[in-house]
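Novice: Dropping a structure here in structure tokens format, bear with me for questions.
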Amino acid sequence: METGKSKFDITCVGQIKKEELRTADKLLIESDLNIISYAIIDKKAKQCVGLCSAPINTSLGRMERRKFYEEFLVENQLINFPFSSRQILISTRECVFIPEEIYNEDELELYIDASFESNFSGKYFSMKMPELKNHLVFKAPEWLVNLYNDKLSGASIVHSTYYLVESIFRMSSQTNELIVHAHFKRTFFELVIFDKGIFQFYNSFSYQTSEDIAYFIMYALKQWGIENNKISISGHLDSKSDELYWLKKYLTEIVELPNDAFSPYPAALENPSSFINLLNPALCE
């Protein structure tokens with residue numbers, strides 16, 4: 001393993017050389033308001049072979065942010081390598097699941113705007129998840145979509161929640177237990193419930209205080225009549241966080257999922273502080 005810095009204050013994990021990459025590899029780029037990251041996935045081995053992440057100054061305006069993105073995409077030549085596929089992972093709270101029986105391709109804007117305030121100009125997308133009998137509908141900032149279409153022609157745009165829910169579905173299909181999972185982003189968290197492989201519930205919650213998290217989760221458990229207060233967690237939490245303190249106060253059992261639970265999508269792609277945990281052959285070697 002090697003780590004290093006560049007003029008973008010980039011943190012890198014993994015020994016990556018362009019000549020060593022194969023066209024069978026896959027590139028995942030995660031776009032967040034505070035950070036841009038990418039991961040290179042060995043599709044055959046289903047392993048992450050490299051991670052790179054650069055923080056973004058949150059005080060930057062839209063044009064300054066776009067310039068940062070443009071320079072980052074140009075400077076990181078590996079991004080333009082002919083991978084088997086390249087995916088842009090949009091990490092916004094603006095996503096909803098619509099059951100197949102009521103889904104209408106012409107109503108994407110209505111689905112999002114009925115659930116969220118229209119606080120930015122964006123484009124609307126849909127991903128079919130047949131195993132869940134649902135469509136994942138999401139909204140992405142228009143300037144960001146246009147930038148990627150310009151700089152990375154042919155890359156597909158997906159939502160990071162797809163990988164989260166797909167991973168929990170896969171785990172749920174292999175057990176007879178109810179799974180309640182909370183995934184924490186920087187400004188909100190997502191709650192997913194599966195029962196024996198059946199998709200029961202998804203929602204996202206923005207919060208102001210750590211107590212809000214416990215309240216939202218306990219309310220959802222009560223709403224679904226779940227008496228077993230066991231929950232699994234992932235994302236932006238550590239053992240000393242206030243969020244985890246309040247969860248432990250109200251829930252009987254909390255299980256922290258390992259990073260490789262989301263393979264081949266590396267959870268640390270959205271959480272550079274987890275790079276310390278990637279020195280692990282189970283995920284990145």
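Following the order of the structure tokens, first chain is A, next is B, and so on, with residues numbered from 1 inside each chain and ligands from 1 in the order they appear.
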Could you write out, as a PyMOL selection string, all the residues of segment 84-234 of chain A that DSSP marks as alpha helix (DSSP H)?
Specialist: chain A and resi 108-113+142-151+160-172+210-223
Novice: Would you pick out the contacts of Asn104 of chain A at 12 Å or less, using only C-alpha atoms, so that residues sharing its chain but fewer than 3 positions from it are not included, and give the list as a VMD selection string?
Specialist: chain A and resid 98 to 101 107 to 111 126 128 134 to 137
Novice: Quick one: of A:Val255, A:Ile10, A:Ala214, A:Leu244, who's nearest to Val180 of chain A, counting only C-alpha atoms?
Specialist: A:Val255
Novice: When you count only C-alpha atoms, which of these residues is closest to Asp212 of chain A: A:Trp246, A:Glu227, A:Cys12, A:Thr58?
Specialist: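 Nearest candidate to Asp212 of chain A out of A:Trp246, A:Glu227, A:Cys12, A:Thr58: A:Trp246.
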Novice: Find the residues near Tyr69 of chain A: any atom within 10 Å, counting only C-alpha atoms, skip ones fewer than 2 places away on the same chain, and give them as a CSV table (one decimal) with C-alpha atoms, in the first residue's frame.
Specialist:
```csv
chain,number,residue,atom,x,y,z
A,31,SER,CA,-19.8,13.0,-6.4
A,35,ILE,CA,-15.7,15.5,-1.7
A,36,ILE,CA,-15.0,13.8,-5.0
A,54,ALA,CA,-10.1,14.9,-2.8
A,56,ILE,CA,-13.8,20.2,-1.8
A,63,MET,CA,-18.6,28.0,-10.9
A,64,GLU,CA,-15.6,27.6,-8.7
A,65,ARG,CA,-16.8,24.0,-7.8
A,66,ARG,CA,-17.2,23.2,-11.5
A,67,LYS,CA,-13.7,24.4,-12.2
A,71,GLU,CA,-9.2,20.3,-13.1
A,72,PHE,CA,-9.5,17.1,-11.1
A,73,LEU,CA,-10.9,15.1,-14.0
A,74,VAL,CA,-8.1,16.4,-16.3
A,75,GLU,CA,-5.2,15.9,-13.8
A,144,LEU,CA,-22.7,18.3,-12.6
A,147,LEU,CA,-19.9,18.3,-16.8
A,148,TYR,CA,-19.6,14.6,-16.6
A,151,LYS,CA,-15.6,15.2,-19.7
```
Novice: Can you check which residues of segment 78-211 of chain A DSSP gives as strand (DSSP E) on the backbone and send them as a ChimeraX atom specification?
Specialist: /A:85-90,95-99,122-129,134-141,156-159,178-184,188-195,198-206
Novice: If you keep C-alpha atoms, can you produce a file of those selected residues as a short mmCIF file (atom, residue, chain, number, x, y, z; two decimals), in the first residue's frame?
Specialist:
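Result saved to result01.cif:
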```cif
data_model
loop_
_atom_site.label_atom_id
_atom_site.label_comp_id
_atom_site.auth_asym_id
_atom_site.auth_seq_id
_atom_site.Cartn_x
_atom_site.Cartn_y
_atom_site.Cartn_z
CA SER A 85 -17.47 0.59 -17.63
CA ARG A 86 -17.48 3.92 -15.83
CA GLN A 87 -20.21 4.94 -13.43
CA ILE A 88 -20.91 8.28 -11.79
CA LEU A 89 -22.42 7.78 -8.34
CA ILE A 90 -24.63 10.68 -7.33
CA CYS A 95 -34.10 9.91 -4.29
CA VAL A 96 -37.26 7.82 -3.83
CA PHE A 97 -38.42 4.27 -4.54
CA ILE A 98 -41.54 3.88 -6.66
CA PRO A 99 -43.28 0.45 -6.85
CA GLY A 122 -31.39 19.29 -11.75
CA LYS A 123 -31.97 16.37 -14.08
CA TYR A 124 -34.12 13.38 -13.22
CA PHE A 125 -33.11 9.73 -13.61
CA SER A 126 -34.61 6.32 -12.98
CA MET A 127 -33.06 2.91 -12.26
CA LYS A 128 -35.13 -0.26 -12.42
CA MET A 129 -34.54 -2.75 -9.61
CA ASN A 134 -39.28 -0.96 -7.58
CA HIS A 135 -37.72 1.89 -9.52
CA LEU A 136 -35.15 4.14 -7.87
CA VAL A 137 -35.85 7.70 -9.02
CA PHE A 138 -33.33 10.44 -8.27
CA LYS A 139 -32.32 13.99 -9.07
CA ALA A 140 -28.80 15.25 -9.80
CA PRO A 141 -27.48 18.84 -10.15
CA SER A 156 -23.50 6.04 -16.84
CA ILE A 157 -25.06 8.02 -14.01
CA VAL A 158 -26.47 6.08 -11.07
CA HIS A 159 -27.34 6.82 -7.45
CA LEU A 178 -35.32 -9.06 9.77
CA ILE A 179 -32.67 -6.50 8.75
CA VAL A 180 -32.94 -2.86 9.79
CA HIS A 181 -30.00 -0.86 8.45
CA ALA A 182 -29.01 2.80 8.83
CA HIS A 183 -26.40 4.31 6.53
CA PHE A 184 -24.98 7.69 7.55
CA PHE A 188 -28.47 12.88 6.51
CA PHE A 189 -28.95 9.17 7.03
CA GLU A 190 -30.81 6.47 5.13
CA LEU A 191 -32.92 3.76 6.76
CA VAL A 192 -33.65 0.46 5.00
CA ILE A 193 -35.78 -2.46 6.20
CA PHE A 194 -35.80 -5.93 4.61
CA ASP A 195 -37.62 -9.03 5.84
CA ILE A 198 -38.59 -8.66 0.84
CA PHE A 199 -38.16 -4.90 0.53
CA GLN A 200 -40.23 -3.28 3.28
CA PHE A 201 -39.10 0.32 3.73
CA TYR A 202 -36.69 3.03 2.62
CA ASN A 203 -36.47 6.65 3.68
CA SER A 204 -33.84 9.30 4.28
CA PHE A 205 -33.78 11.78 7.15
CA SER A 206 -31.94 15.04 7.59
#
```
Novice: Pick from A:Ile79, A:Ile213, A:Leu164, A:Leu247: nearest to Tyr38 of chain A, with only C-alpha atoms counted?
Specialist: A:Ile79
Novice: Residues near Ser91 of chain A, anyone? I mean within 9 Å using only C-alpha atoms, not counting same-chain ones fewer than 3 positions away, as a list in words.
Specialist: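 These residues fall inside the cut-off: Glu30, Ser31, Asp32, Leu33, Glu94, Ala140, His159, Ser160, Thr161, Lys185 and Glu270 of chain A.
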Novice: Would you mind listing what lies within 10 Å of Thr252 of chain A as number ranges by chain, with only C-alpha atoms counted and same-chain residues fewer than 5 positions away left out?
Specialist: A: 228-231, 247
Novice: What does the distance from atom CA of Gln208 of chain A to atom CA of Trp143 of chain A come to in Å, to one decimal?
Specialist: 28.0 Å
Novice: Expressed in Å to a single decimal, how great is the separation between atom CA of Ser173 of chain A and atom CA of Ile217 of chain A?
Specialist: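 Atom CA of Ser173 of chain A sits 22.6 Å away from atom CA of Ile217 of chain A.
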